[in-house]
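Peer 1: This is my_file.txt (compact mmCIF, C-alpha atoms and all ligand atoms).
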```txt
# COMPACT_ATOMS: atom_id res chain seq x y z
CA MET A 1 29.83 -8.79 -16.11
CA VAL A 2 32.25 -6.08 -17.15
CA ASP A 3 33.73 -3.80 -14.54
CA ARG A 4 32.63 -0.31 -15.30
CA ARG A 5 32.31 3.13 -13.85
CA MET A 6 29.18 5.03 -14.71
CA ASN A 7 29.43 8.45 -16.26
CA THR A 8 28.57 10.72 -13.33
CA LYS A 9 29.86 14.04 -14.65
CA LYS A 10 26.67 15.99 -14.06
CA SER A 11 26.15 14.56 -10.58
CA GLU A 12 29.73 15.48 -9.68
CA GLU A 13 29.33 19.04 -10.96
CA LEU A 14 25.99 19.58 -9.19
CA TYR A 15 27.32 18.08 -5.96
CA ARG A 16 30.33 20.41 -6.12
CA LEU A 17 28.01 23.39 -6.51
CA ALA A 18 25.74 22.14 -3.71
CA CYS A 19 28.74 21.89 -1.37
CA GLY A 20 29.25 25.62 -1.86
CA VAL A 21 25.82 26.49 -0.49
CA MET A 22 24.69 23.54 1.67
CA PRO A 23 26.75 21.97 4.50
CA GLY A 24 28.22 18.77 3.06
CA GLY A 25 26.18 19.44 -0.09
CA VAL A 26 23.12 17.73 1.42
CA ASN A 27 20.05 18.25 3.58
CA SER A 28 20.47 15.02 5.55
CA PRO A 29 23.92 13.64 6.40
CA VAL A 30 23.94 10.05 5.12
CA ARG A 31 23.06 11.26 1.61
CA ALA A 32 26.60 12.64 1.40
CA PHE A 33 28.20 9.19 0.79
CA LYS A 34 30.80 9.87 3.50
CA SER A 35 30.79 6.19 4.60
CA VAL A 36 30.94 4.66 1.14
CA GLY A 37 33.00 7.21 -0.78
CA GLY A 38 32.38 8.52 -4.26
CA THR A 39 29.95 11.20 -5.36
CA PRO A 40 26.31 11.08 -4.37
CA ARG A 41 24.13 10.60 -7.42
CA ILE A 42 21.84 13.52 -8.06
CA ILE A 43 18.43 12.15 -8.93
CA GLU A 44 16.26 13.47 -11.71
CA ARG A 45 13.25 11.18 -11.40
CA GLY A 46 11.91 7.90 -10.10
CA GLU A 47 9.58 5.51 -11.84
CA GLY A 48 8.32 2.32 -10.22
CA ALA A 49 11.34 0.57 -8.73
CA TYR A 50 13.85 2.61 -10.76
CA LEU A 51 15.78 5.76 -9.96
CA TYR A 52 17.26 7.87 -12.78
CA ASP A 53 20.10 10.29 -12.13
CA VAL A 54 20.92 13.53 -13.95
CA ASP A 55 23.49 11.72 -16.14
CA GLY A 56 20.78 9.33 -17.38
CA ASN A 57 21.96 6.33 -15.33
CA ARG A 58 19.26 3.95 -14.11
CA TYR A 59 19.29 2.07 -10.81
CA ILE A 60 17.09 -0.60 -9.22
CA ASP A 61 16.28 1.29 -6.05
CA PHE A 62 16.33 -0.49 -2.70
CA CYS A 63 16.54 2.70 -0.65
CA CYS A 64 12.97 3.70 -1.60
CA SER A 65 13.43 7.11 0.03
CA TRP A 66 14.43 5.27 3.26
CA GLY A 67 11.13 3.44 3.44
CA PRO A 68 8.10 5.51 2.46
CA LEU A 69 7.81 4.26 -1.13
CA ILE A 70 6.14 0.91 -0.53
CA LEU A 71 4.21 1.36 -3.80
CA GLY A 72 7.34 2.43 -5.68
CA HIS A 73 8.17 5.82 -7.18
CA ALA A 74 5.45 8.06 -8.58
CA ASP A 75 2.59 5.61 -8.09
CA PRO A 76 -0.10 6.68 -10.59
CA ASP A 77 -2.96 6.71 -8.05
CA VAL A 78 -1.00 8.69 -5.46
CA ARG A 79 0.15 11.10 -8.16
CA ALA A 80 -3.38 11.68 -9.44
CA ALA A 81 -4.78 12.27 -5.95
CA VAL A 82 -1.98 14.71 -5.13
CA LYS A 83 -2.50 16.65 -8.37
CA GLU A 84 -6.21 16.94 -7.70
CA GLN A 85 -5.56 18.29 -4.21
CA VAL A 86 -2.90 20.72 -5.44
CA ASP A 87 -5.49 22.19 -7.81
CA ARG A 88 -7.77 22.85 -4.83
CA GLY A 89 -5.04 24.50 -2.73
CA MET A 90 -1.94 23.34 -0.93
CA THR A 91 -2.42 24.51 2.63
CA PHE A 92 -5.10 26.37 4.52
CA GLY A 93 -4.06 26.30 8.17
CA VAL A 94 -7.70 25.33 8.71
CA SER A 95 -9.03 21.78 9.11
CA THR A 96 -9.87 19.69 6.05
CA GLU A 97 -11.92 16.53 5.53
CA VAL A 98 -8.93 14.48 4.40
CA GLU A 99 -7.20 14.88 7.78
CA TYR A 100 -10.22 13.32 9.43
CA GLN A 101 -10.34 10.58 6.77
CA LEU A 102 -6.69 9.58 7.29
CA ALA A 103 -7.09 9.70 11.08
CA GLU A 104 -10.23 7.58 10.87
CA PHE A 105 -8.53 5.13 8.51
CA ILE A 106 -5.60 4.56 10.88
CA VAL A 107 -7.79 4.40 13.98
CA SER A 108 -10.05 1.81 12.35
CA HIS A 109 -7.13 -0.37 11.15
CA VAL A 110 -4.74 -0.21 14.12
CA GLU A 111 -6.32 -1.33 17.36
CA PRO A 112 -4.03 0.44 19.84
CA VAL A 113 -4.61 3.79 18.09
CA GLN A 114 -7.74 5.46 19.45
CA LYS A 115 -6.71 9.04 18.77
CA ILE A 116 -3.99 10.40 16.50
CA ARG A 117 -2.31 13.72 15.69
CA PHE A 118 -0.44 14.42 12.46
CA VAL A 119 2.83 16.31 12.24
CA SER A 120 5.41 16.71 9.47
CA SER A 121 8.22 14.26 10.36
CA GLY A 122 9.06 11.26 12.47
CA THR A 123 11.34 13.40 14.62
CA GLU A 124 8.51 15.77 15.42
CA ALA A 125 6.14 12.90 16.18
CA ILE A 126 8.39 11.19 18.69
CA MET A 127 9.44 14.42 20.33
CA SER A 128 5.76 15.29 20.83
CA ALA A 129 4.84 11.80 22.03
CA ILE A 130 7.49 11.95 24.73
CA ARG A 131 6.13 15.28 25.89
CA VAL A 132 2.67 13.69 26.05
CA ALA A 133 4.04 10.71 28.01
CA ARG A 134 5.74 13.03 30.48
CA GLY A 135 2.64 15.19 30.78
CA PHE A 136 0.41 12.18 31.31
CA THR A 137 2.56 10.40 33.89
CA GLY A 138 4.00 13.47 35.63
CA ARG A 139 7.43 11.78 35.34
CA ASP A 140 10.59 12.94 33.53
CA LEU A 141 12.68 9.84 32.90
CA ILE A 142 12.60 8.06 29.55
CA LEU A 143 14.29 4.84 28.45
CA LYS A 144 15.63 4.12 24.99
CA PHE A 145 17.72 1.32 23.55
CA GLU A 146 21.21 1.29 22.14
CA GLY A 147 21.17 1.45 18.35
CA CYS A 148 17.54 2.62 18.10
CA TYR A 149 17.11 5.89 16.25
CA HIS A 150 14.13 8.07 17.00
CA GLY A 151 14.94 11.21 15.04
CA HIS A 152 17.14 14.04 16.20
CA ALA A 153 15.34 15.67 19.12
CA ASP A 154 17.96 16.70 21.69
CA HIS A 155 17.01 14.28 24.43
CA LEU A 156 17.00 11.31 22.06
CA LEU A 157 20.46 11.83 20.63
CA VAL A 158 21.95 9.79 23.39
CA LYS A 159 24.60 7.15 23.02
CA ALA A 160 24.84 4.16 25.31
CA GLY A 161 28.02 3.79 27.27
CA SER A 162 29.23 0.56 28.81
CA GLY A 163 27.34 -1.05 31.66
CA PRO A 164 23.72 -2.06 31.85
CA ALA A 165 22.23 1.41 32.13
CA THR A 166 23.92 4.61 31.19
CA PHE A 167 22.42 8.00 31.75
CA GLY A 168 22.60 10.61 29.13
CA GLN A 169 25.80 11.24 27.22
CA PRO A 170 24.70 13.25 24.17
CA SER A 171 26.00 11.76 20.91
CA SER A 172 25.90 15.07 19.06
CA ALA A 173 27.68 18.36 19.65
CA GLY A 174 25.26 21.12 20.51
CA VAL A 175 23.19 19.08 22.97
CA PRO A 176 23.68 20.21 26.58
CA ALA A 177 24.33 17.23 28.86
CA ALA A 178 21.43 18.44 31.03
CA PHE A 179 19.02 17.89 28.12
CA SER A 180 19.77 14.19 27.99
CA ALA A 181 20.14 13.67 31.74
CA HIS A 182 16.62 12.22 31.85
CA THR A 183 17.30 9.67 29.12
CA ALA A 184 18.47 6.19 30.11
CA VAL A 185 19.87 3.77 27.54
CA LEU A 186 19.94 -0.03 27.67
CA PRO A 187 21.30 -2.62 25.25
CA LEU A 188 18.67 -4.48 23.23
CA ASP A 189 17.87 -8.15 23.87
CA ASP A 190 19.12 -8.13 27.47
CA GLU A 191 16.31 -9.25 29.75
CA ARG A 192 18.40 -9.10 32.90
CA ALA A 193 19.42 -5.49 32.29
CA LEU A 194 15.80 -4.62 31.59
CA LYS A 195 14.52 -6.19 34.81
CA GLU A 196 17.30 -4.58 36.85
CA PHE A 197 16.54 -1.19 35.35
CA PHE A 198 12.83 -1.41 36.12
CA GLY A 199 13.61 -2.66 39.61
CA ARG A 200 15.65 0.46 40.29
CA HIS A 201 14.03 3.18 38.19
CA GLY A 202 10.68 1.84 36.92
CA ASP A 203 8.55 3.90 39.26
CA ARG A 204 9.95 7.16 37.95
CA LEU A 205 9.93 6.19 34.29
CA ALA A 206 7.55 8.16 32.07
CA ALA A 207 8.03 5.95 29.01
CA ALA A 208 10.16 3.37 27.31
CA VAL A 209 10.59 4.01 23.60
CA ILE A 210 11.70 1.34 21.17
CA GLU A 211 11.68 0.91 17.41
CA GLY A 212 9.01 -1.49 16.15
CA VAL A 213 11.84 -3.45 14.63
CA PRO A 214 15.18 -1.73 15.20
CA ALA A 215 16.29 -0.95 11.66
CA ASN A 216 18.51 2.10 11.86
CA ASN A 217 21.65 0.36 13.04
CA GLY A 218 21.43 -2.81 11.05
CA LEU A 219 18.29 -4.91 11.32
CA LEU A 220 18.13 -6.04 14.95
CA ILE A 221 15.09 -8.29 15.00
CA GLN A 222 13.94 -8.67 18.59
CA ARG A 223 12.50 -11.80 20.16
CA PRO A 224 8.74 -11.46 20.82
CA GLU A 225 9.36 -12.50 24.45
CA TYR A 226 11.67 -9.52 24.92
CA MET A 227 9.08 -7.11 23.54
CA GLN A 228 6.40 -8.70 25.70
CA LEU A 229 8.63 -8.42 28.78
CA LEU A 230 9.10 -4.73 28.06
CA ARG A 231 5.32 -4.34 27.71
CA GLY A 232 4.75 -6.16 30.99
CA LEU A 233 7.34 -4.15 32.94
CA THR A 234 6.14 -0.77 31.66
CA GLU A 235 2.58 -1.69 32.58
CA LYS A 236 3.57 -2.91 36.04
CA HIS A 237 5.43 0.31 36.83
CA GLY A 238 2.85 2.73 35.43
CA SER A 239 5.18 3.77 32.58
CA LEU A 240 4.05 4.08 28.99
CA LEU A 241 5.33 1.97 26.11
CA ILE A 242 5.97 4.00 22.97
CA LEU A 243 6.46 1.92 19.85
CA ASP A 244 8.26 3.82 17.11
CA GLU A 245 6.68 2.47 13.93
CA VAL A 246 8.15 5.13 11.64
CA ILE A 247 9.68 2.35 9.52
CA THR A 248 7.40 -0.57 10.37
CA GLY A 249 3.99 1.14 10.37
CA PHE A 250 1.97 -0.14 7.37
CA ARG A 251 5.27 -1.63 6.09
CA LEU A 252 5.03 -4.97 7.90
CA GLY A 253 1.26 -4.90 7.44
CA PRO A 254 -1.52 -2.56 8.60
CA GLY A 255 -0.89 -3.60 12.22
CA GLY A 256 2.86 -2.93 11.92
CA ALA A 257 5.28 -4.29 14.52
CA ALA A 258 2.67 -4.11 17.29
CA ALA A 259 0.67 -6.83 15.51
CA HIS A 260 3.85 -8.70 14.56
CA TYR A 261 4.94 -8.99 18.21
CA GLY A 262 1.48 -9.17 19.72
CA VAL A 263 2.07 -6.17 21.98
CA ALA A 264 -0.32 -3.28 22.49
CA PRO A 265 1.70 -0.10 23.08
CA ASP A 266 0.23 2.97 24.77
CA LEU A 267 1.50 5.26 22.03
CA LEU A 268 2.61 4.58 18.45
CA ILE A 269 4.75 6.74 16.22
CA TYR A 270 4.31 6.91 12.47
CA GLY A 271 6.13 8.46 9.51
CA LYS A 272 7.36 7.29 6.11
CA VAL A 273 4.66 4.98 4.58
CA ILE A 274 1.69 6.88 6.05
CA GLY A 275 2.76 9.98 4.09
CA GLY A 276 2.91 8.24 0.72
CA GLY A 277 6.20 10.04 -0.05
CA LEU A 278 5.29 13.46 1.36
CA PRO A 279 6.41 14.84 4.75
CA VAL A 280 4.08 13.29 7.33
CA GLY A 281 4.58 11.98 10.83
CA ALA A 282 1.98 11.08 13.44
CA PHE A 283 1.62 9.92 17.01
CA GLY A 284 -1.41 8.24 18.44
CA GLY A 285 -2.63 5.73 20.96
CA ARG A 286 -4.78 5.50 24.05
CA ALA A 287 -7.54 8.09 24.13
CA ASP A 288 -6.88 8.96 27.80
CA VAL A 289 -3.16 9.52 27.11
CA MET A 290 -3.79 11.58 23.96
CA GLY A 291 -6.36 13.54 26.01
CA VAL A 292 -3.57 15.52 27.69
CA LEU A 293 -2.78 17.14 24.35
CA SER A 294 -3.67 20.78 23.72
CA PRO A 295 -6.41 22.03 23.14
CA ASP A 296 -8.05 19.30 25.30
CA GLY A 297 -5.27 19.21 27.88
CA PRO A 298 -2.17 20.99 29.18
CA VAL A 299 0.54 19.50 26.88
CA TYR A 300 1.32 21.98 24.12
CA GLN A 301 2.04 20.86 20.57
CA ALA A 302 1.33 22.61 17.25
CA GLY A 303 2.34 22.93 13.59
CA THR A 304 1.69 25.37 10.73
CA LEU A 305 1.70 22.57 8.14
CA SER A 306 0.51 19.72 10.40
CA GLY A 307 -2.11 17.64 8.59
CA ASN A 308 -1.24 19.33 5.31
CA PRO A 309 -3.95 18.30 2.83
CA VAL A 310 -1.59 17.38 -0.03
CA ALA A 311 0.42 15.15 2.30
CA MET A 312 -2.74 13.69 3.84
CA VAL A 313 -4.16 12.79 0.44
CA ALA A 314 -0.90 11.08 -0.57
CA GLY A 315 -0.98 9.10 2.68
CA LEU A 316 -4.65 8.21 2.48
CA THR A 317 -4.39 7.03 -1.13
CA THR A 318 -1.36 4.90 -0.24
CA LEU A 319 -2.95 3.30 2.82
CA ARG A 320 -6.26 2.63 1.07
CA LYS A 321 -4.39 0.97 -1.78
CA LEU A 322 -2.32 -1.12 0.64
CA VAL A 323 -5.39 -2.34 2.47
CA SER A 324 -7.47 -3.02 -0.64
CA GLU A 325 -4.72 -4.65 -2.70
CA ASN A 326 -2.99 -6.28 0.28
CA PRO A 327 0.45 -6.69 -1.35
CA TYR A 328 2.10 -7.73 1.93
CA GLY A 329 2.23 -11.48 1.24
CA VAL A 330 3.70 -10.95 -2.23
CA LEU A 331 6.21 -8.40 -0.92
CA GLU A 332 7.36 -10.74 1.81
CA GLY A 333 7.58 -13.70 -0.61
CA ARG A 334 9.65 -11.72 -3.13
CA THR A 335 11.98 -10.39 -0.45
CA ASN A 336 12.36 -13.89 0.93
CA THR A 337 13.34 -15.23 -2.50
CA LEU A 338 15.84 -12.39 -2.92
CA ALA A 339 17.34 -13.16 0.50
CA HIS A 340 17.44 -16.88 -0.18
CA ASP A 341 19.12 -16.43 -3.59
CA VAL A 342 21.68 -13.94 -2.28
CA ASN A 343 22.44 -16.14 0.72
CA ARG A 344 23.01 -19.17 -1.48
CA ARG A 345 25.39 -17.18 -3.70
CA LEU A 346 27.24 -15.47 -0.85
CA SER A 347 27.65 -18.34 1.59
CA THR A 348 31.33 -18.84 0.83
CA ALA A 349 32.00 -15.08 0.79
CA GLY A 350 30.65 -14.64 4.33
CA GLY A 351 27.76 -12.40 3.33
CA GLN A 352 24.07 -12.79 3.97
CA ILE A 353 20.75 -11.01 3.90
CA MET A 354 18.53 -10.79 6.95
CA GLN A 355 14.89 -10.15 6.24
CA LEU A 356 11.64 -9.25 7.88
CA GLY A 357 8.66 -8.71 5.57
CA SER A 358 9.83 -6.38 2.81
CA ILE A 359 12.74 -5.00 4.86
CA PHE A 360 16.16 -6.54 4.34
CA TRP A 361 19.73 -5.94 5.42
CA LEU A 362 22.88 -7.02 3.60
CA LEU A 363 25.55 -7.88 6.15
CA PHE A 364 28.95 -9.51 6.22
CA GLN A 365 29.09 -11.55 9.39
CA SER A 366 27.89 -15.05 10.12
CA GLN A 367 25.88 -14.45 13.31
CA ALA A 368 22.65 -12.45 12.99
CA PRO A 369 22.95 -9.70 15.62
CA ARG A 370 20.09 -8.77 17.95
CA ALA A 371 21.95 -5.95 19.73
CA ALA A 372 24.04 -3.06 18.44
CA HIS A 373 27.28 -4.27 20.08
CA GLN A 374 27.05 -7.56 18.15
CA ILE A 375 27.53 -5.82 14.81
CA ASP A 376 30.93 -6.48 13.30
CA SER A 377 32.48 -3.21 12.14
CA GLY A 378 34.70 -5.16 9.72
CA GLY A 379 31.54 -6.39 7.99
CA ILE A 380 30.22 -2.85 7.74
CA ALA A 381 33.54 -1.80 6.18
CA ARG A 382 33.13 -4.56 3.58
CA TYR A 383 29.65 -3.33 2.69
CA ASN A 384 30.88 0.24 2.41
CA HIS A 385 33.70 -0.86 0.12
CA LEU A 386 31.29 -2.79 -2.12
CA HIS A 387 28.68 -0.09 -2.32
CA ARG A 388 30.29 1.83 -5.17
CA MET A 389 30.78 -1.27 -7.29
CA ILE A 390 27.15 -2.34 -6.85
CA LEU A 391 25.97 1.20 -7.53
CA ASP A 392 27.95 1.40 -10.75
CA ALA A 393 26.40 -1.90 -11.80
CA GLY A 394 22.93 -0.33 -11.44
CA VAL A 395 21.66 -1.24 -7.96
CA TYR A 396 21.03 1.58 -5.52
CA LEU A 397 21.64 0.38 -1.96
CA PRO A 398 21.59 2.85 0.94
CA PRO A 399 24.99 4.51 1.30
CA SER A 400 25.90 3.00 4.68
CA GLY A 401 26.34 -0.56 5.86
CA TYR A 402 24.17 0.15 8.89
CA GLU A 403 21.11 1.00 6.80
CA VAL A 404 18.40 -1.42 5.73
CA CYS A 405 16.85 -1.85 2.28
CA PHE A 406 13.23 -1.92 1.18
CA VAL A 407 11.36 -3.84 -1.50
CA SER A 408 8.35 -2.11 -3.03
CA ALA A 409 5.30 -3.39 -4.87
CA ALA A 410 6.95 -2.07 -8.05
CA HIS A 411 9.93 -4.45 -7.78
CA THR A 412 9.25 -7.34 -10.17
CA ASP A 413 10.68 -10.86 -9.95
CA ASP A 414 12.93 -10.07 -12.92
CA MET A 415 14.32 -6.92 -11.32
CA LEU A 416 15.04 -8.83 -8.12
CA LYS A 417 16.75 -11.57 -10.10
CA SER A 418 19.05 -9.10 -11.81
CA ALA A 419 19.76 -7.42 -8.46
CA VAL A 420 20.80 -10.81 -7.05
CA GLU A 421 23.14 -11.33 -10.04
CA ILE A 422 24.69 -7.90 -9.61
CA ILE A 423 25.17 -8.18 -5.85
CA ALA A 424 26.58 -11.72 -6.03
CA ASP A 425 28.87 -10.83 -8.92
CA CYS A 426 30.23 -7.72 -7.18
CA VAL A 427 30.80 -9.55 -3.90
CA GLY A 428 32.50 -12.38 -5.78
CA ARG A 429 34.84 -10.01 -7.56
CA ALA A 430 35.66 -8.07 -4.39
CA THR A 431 36.32 -11.15 -2.26
CA PRO A 432 39.93 -12.39 -2.29
CA LYS A 433 40.15 -16.05 -3.41
CA THR A 434 41.57 -18.34 -0.74
N1 LIG A 501 12.14 6.88 14.01
C1 LIG A 501 12.59 5.93 13.18
C2 LIG A 501 12.45 4.50 13.56
C3 LIG A 501 13.18 6.28 11.96
O1 LIG A 501 13.63 5.34 11.14
C4 LIG A 501 13.29 7.66 11.64
C5 LIG A 501 13.93 8.10 10.33
N2 LIG A 501 14.75 7.23 9.70
C6 LIG A 501 12.80 8.60 12.54
C7 LIG A 501 12.23 8.18 13.72
C8 LIG A 501 12.88 10.06 12.24
O2 LIG A 501 12.00 10.36 11.21
P1 LIG A 501 12.24 11.67 10.29
O3 LIG A 501 13.49 11.43 9.53
O4 LIG A 501 11.00 11.74 9.47
O5 LIG A 501 12.34 12.81 11.24
```
Would you put the structure from the file into structure tokens?

Peer 2:
Amino acid sequence: MVDRRMNTKKSEELYRLACGVMPGGVNSPVRAFKSVGGTPRIIERGEGAYLYDVDGNRYIDFCCSWGPLILGHADPDVRAAVKEQVDRGMTFGVSTEVEYQLAEFIVSHVEPVQKIRFVSSGTEAIMSAIRVARGFTGRDLILKFEGCYHGHADHLLVKAGSGPATFGQPSSAGVPAAFSAHTAVLPLDDERALKEFFGRHGDRLAAAVIEGVPANNGLLIQRPEYMQLLRGLTEKHGSLLILDEVITGFRLGPGGAAAHYGVAPDLLIYGKVIGGGLPVGAFGGRADVMGVLSPDGPVYQAGTLSGNPVAMVAGLTTLRKLVSENPYGVLEGRTNTLAHDVNRRLSTAGGQIMQLGSIFWLLFQSQAPRAAHQIDSGGIARYNHLHRMILDAGVYLPPSGYEVCFVSAAHTDDMLKSAVEIIADCVGRATPKT
């Protein structure tokens, strides 16, 4: 393969202009390519598994809009349903049938969800669910885990310090320490720390919140026993378990991570796939817990565009298609082949792919980490260095070594084969010969 730089003149010019009017030139930080260097590609369109930028370059896309696009870009059925709804009106601020249909669809396919409310992002969903948990239990304290991302609500932007349990040091400027004083943080995969924490604080804990499969700081696949221990301890202490399925919901299968681990959370958080590519989030779970929500109960929560009909129709079409076509086995098989082929080619270069279902993570360390502190920053630096080379060869990986990749139903065996070639070739060329 020849070493080449793509022509990115138009992207560079547009990005320069964007920087003049938008902080960092972007509307979400990691899009700015700060970790990997180079200019972010400005995208003109997506089709199936391909992204096309404004300079006409084509990429096999493994970012898939950070997870929502399980059917690939511009799926014809989703597109048609959205167009039809747009012709009937885009928002009414009054209830529509499709909201009920999507709610009913999720409730009938996900056992722990008895009632659900739609919002417009994952951040909004988790923020609201925590308010519900606090309102239901009458307790303030929440527990999260180091390396798990749950959106950018103030009290969840909390970094773990050293020691088994650290109370609230905000990890962003602009968050008063008092706002995160009720957030405790534990390392993942540490049963002793978990038991100790519950022994000391369990009876004042409103909820423990954990990602279905932690996938925002590498892919930290948890042991089912650990998840089941967390379920058992929350139950014993009258605390709620909130499973953040923003990435895993309808991605690992209709039952998401809850089914994968065999745990029944009290509340589940959704985003990404359930919106079919439009801005949707949701939280749902036990009917008695959701019963505290306004207008039935005293916990206030609202949204001008919540349950937006265009977004609902995109989500409903996506979920119906996923359930009727059931692509999960094929997606998992293809991702497994990709992982296997990359691992075979990268074994001497110290790289590997970790995989769960159609989620995978390219990492450069030999041990598969299960906790954030086990991630080797040198390996992340290697990924970040390689990113540009792989991008210029036509494979779009997320622009940070901590981010995971997604395979969609539009990725064919041939596309995956060429992605393996490109990744292996780039790693080979960037690895010094010993
Ligand atoms: N929870 C998880 C597990 C996520 O991955 C994300 C987004 N990456 C969020 C919450 C926040 O969702 P949003 O970006 O839609 O606010």

Peer 1: Using 9 Å as the limit and counting only C-alpha atoms and all ligand atoms, can you tabulate each residue of chain A that touches ligand LIG 501 (chain A), with its shortest atom-to-atom distance in Å and the two atoms involved, as JSON lines?

Peer 2:
```
{"residue": "A:Ser28", "atom": "CA", "partner": "A:LIG501", "partner_atom": "O3", "distance": 8.8}
{"residue": "A:Trp66", "atom": "CA", "partner": "A:LIG501", "partner_atom": "N2", "distance": 6.7}
{"residue": "A:Gly67", "atom": "CA", "partner": "A:LIG501", "partner_atom": "N2", "distance": 8.2}
{"residue": "A:Ser120", "atom": "CA", "partner": "A:LIG501", "partner_atom": "O4", "distance": 7.5}
{"residue": "A:Ser121", "atom": "CA", "partner": "A:LIG501", "partner_atom": "O4", "distance": 3.9}
{"residue": "A:Gly122", "atom": "CA", "partner": "A:LIG501", "partner_atom": "O2", "distance": 3.3}
{"residue": "A:Thr123", "atom": "CA", "partner": "A:LIG501", "partner_atom": "O5", "distance": 3.6}
{"residue": "A:Glu124", "atom": "CA", "partner": "A:LIG501", "partner_atom": "O5", "distance": 6.4}
{"residue": "A:Ala125", "atom": "CA", "partner": "A:LIG501", "partner_atom": "O5", "distance": 7.9}
{"residue": "A:Ile126", "atom": "CA", "partner": "A:LIG501", "partner_atom": "C7", "distance": 7.0}
{"residue": "A:Cys148", "atom": "CA", "partner": "A:LIG501", "partner_atom": "C2", "distance": 7.1}
{"residue": "A:Tyr149", "atom": "CA", "partner": "A:LIG501", "partner_atom": "C1", "distance": 5.5}
{"residue": "A:His150", "atom": "CA", "partner": "A:LIG501", "partner_atom": "N1", "distance": 3.8}
{"residue": "A:Gly151", "atom": "CA", "partner": "A:LIG501", "partner_atom": "C8", "distance": 3.7}
{"residue": "A:His152", "atom": "CA", "partner": "A:LIG501", "partner_atom": "O5", "distance": 7.0}
{"residue": "A:Ala153", "atom": "CA", "partner": "A:LIG501", "partner_atom": "O5", "distance": 8.9}
{"residue": "A:Ile210", "atom": "CA", "partner": "A:LIG501", "partner_atom": "C2", "distance": 8.3}
{"residue": "A:Glu211", "atom": "CA", "partner": "A:LIG501", "partner_atom": "C2", "distance": 5.3}
{"residue": "A:Gly212", "atom": "CA", "partner": "A:LIG501", "partner_atom": "C2", "distance": 7.4}
{"residue": "A:Val213", "atom": "CA", "partner": "A:LIG501", "partner_atom": "C2", "distance": 8.0}
{"residue": "A:Pro214", "atom": "CA", "partner": "A:LIG501", "partner_atom": "C2", "distance": 7.0}
{"residue": "A:Ala215", "atom": "CA", "partner": "A:LIG501", "partner_atom": "O1", "distance": 6.8}
{"residue": "A:Asn216", "atom": "CA", "partner": "A:LIG501", "partner_atom": "O1", "distance": 5.9}
{"residue": "A:Asp244", "atom": "CA", "partner": "A:LIG501", "partner_atom": "C2", "distance": 5.5}
{"residue": "A:Glu245", "atom": "CA", "partner": "A:LIG501", "partner_atom": "C2", "distance": 6.1}
{"residue": "A:Val246", "atom": "CA", "partner": "A:LIG501", "partner_atom": "C2", "distance": 4.8}
{"residue": "A:Ile247", "atom": "CA", "partner": "A:LIG501", "partner_atom": "O1", "distance": 5.2}
{"residue": "A:Thr248", "atom": "CA", "partner": "A:LIG501", "partner_atom": "C2", "distance": 7.8}
{"residue": "A:Ile269", "atom": "CA", "partner": "A:LIG501", "partner_atom": "N1", "distance": 7.7}
{"residue": "A:Tyr270", "atom": "CA", "partner": "A:LIG501", "partner_atom": "N1", "distance": 8.0}
{"residue": "A:Gly271", "atom": "CA", "partner": "A:LIG501", "partner_atom": "O4", "distance": 5.9}
{"residue": "A:Lys272", "atom": "CA", "partner": "A:LIG501", "partner_atom": "O4", "distance": 6.7}
{"residue": "A:Pro279", "atom": "CA", "partner": "A:LIG501", "partner_atom": "O4", "distance": 7.3}
{"residue": "A:Val280", "atom": "CA", "partner": "A:LIG501", "partner_atom": "O4", "distance": 7.4}
{"residue": "A:Gly281", "atom": "CA", "partner": "A:LIG501", "partner_atom": "O4", "distance": 6.6}
```

Peer 1: Fewer than 4 positions away in the same chain doesn't count, so skip those; otherwise give me all residues within 10 Å of Leu356 of chain A, counting all atoms listed in the file, as a PDB file with C-alpha atoms, in the frame of the given file.

Peer 2:
```
ATOM      1  CA  VAL A 213      11.840  -3.450  14.630  1.00  0.00           C
ATOM      2  CA  LEU A 219      18.290  -4.910  11.320  1.00  0.00           C
ATOM      3  CA  ILE A 221      15.090  -8.290  15.000  1.00  0.00           C
ATOM      4  CA  THR A 248       7.400  -0.570  10.370  1.00  0.00           C
ATOM      5  CA  LEU A 252       5.030  -4.970   7.900  1.00  0.00           C
ATOM      6  CA  GLU A 332       7.360 -10.740   1.810  1.00  0.00           C
ATOM      7  CA  THR A 335      11.980 -10.390  -0.450  1.00  0.00           C
ATOM      8  CA  ASN A 336      12.360 -13.890   0.930  1.00  0.00           C
ATOM      9  CA  PHE A 360      16.160  -6.540   4.340  1.00  0.00           C
ATOM     10  CA  TRP A 361      19.730  -5.940   5.420  1.00  0.00           C
TER      11      TRP A 361
END
```

Peer 1: So what do you get for atom CA of Val110 of chain A versus atom CA of Gly276 of chain A, distance-wise?

Peer 2: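 Taking atom CA of Val110 of chain A as the start and atom CA of Gly276 of chain A as the end point, the length is 17.6 Å.
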
Peer 1: So, with only C-alpha atoms as the atoms that count, which of A:Thr183, A:Leu17, A:His201, A:Gly307 lies closest to Thr96 of chain A?

Peer 2: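 Of A:Thr183, A:Leu17, A:His201, A:Gly307, the one nearest Thr96 of chain A is A:Gly307, counting only C-alpha atoms.
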
Peer 1: What's the separation between atom CA of Val407 of chain A and atom CA of Leu220 of chain A, in Å to one decimal place?

Peer 2: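 Atom-to-atom, atom CA of Val407 of chain A and atom CA of Leu220 of chain A are spaced 17.9 Å apart.
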
Peer 1: With all atoms listed in the file as the atoms that count, which of A:Ala133, A:Ala178, A:Ala18, A:Val310 lies nearest to Gly285 of chain A?

Peer 2: A:Ala133
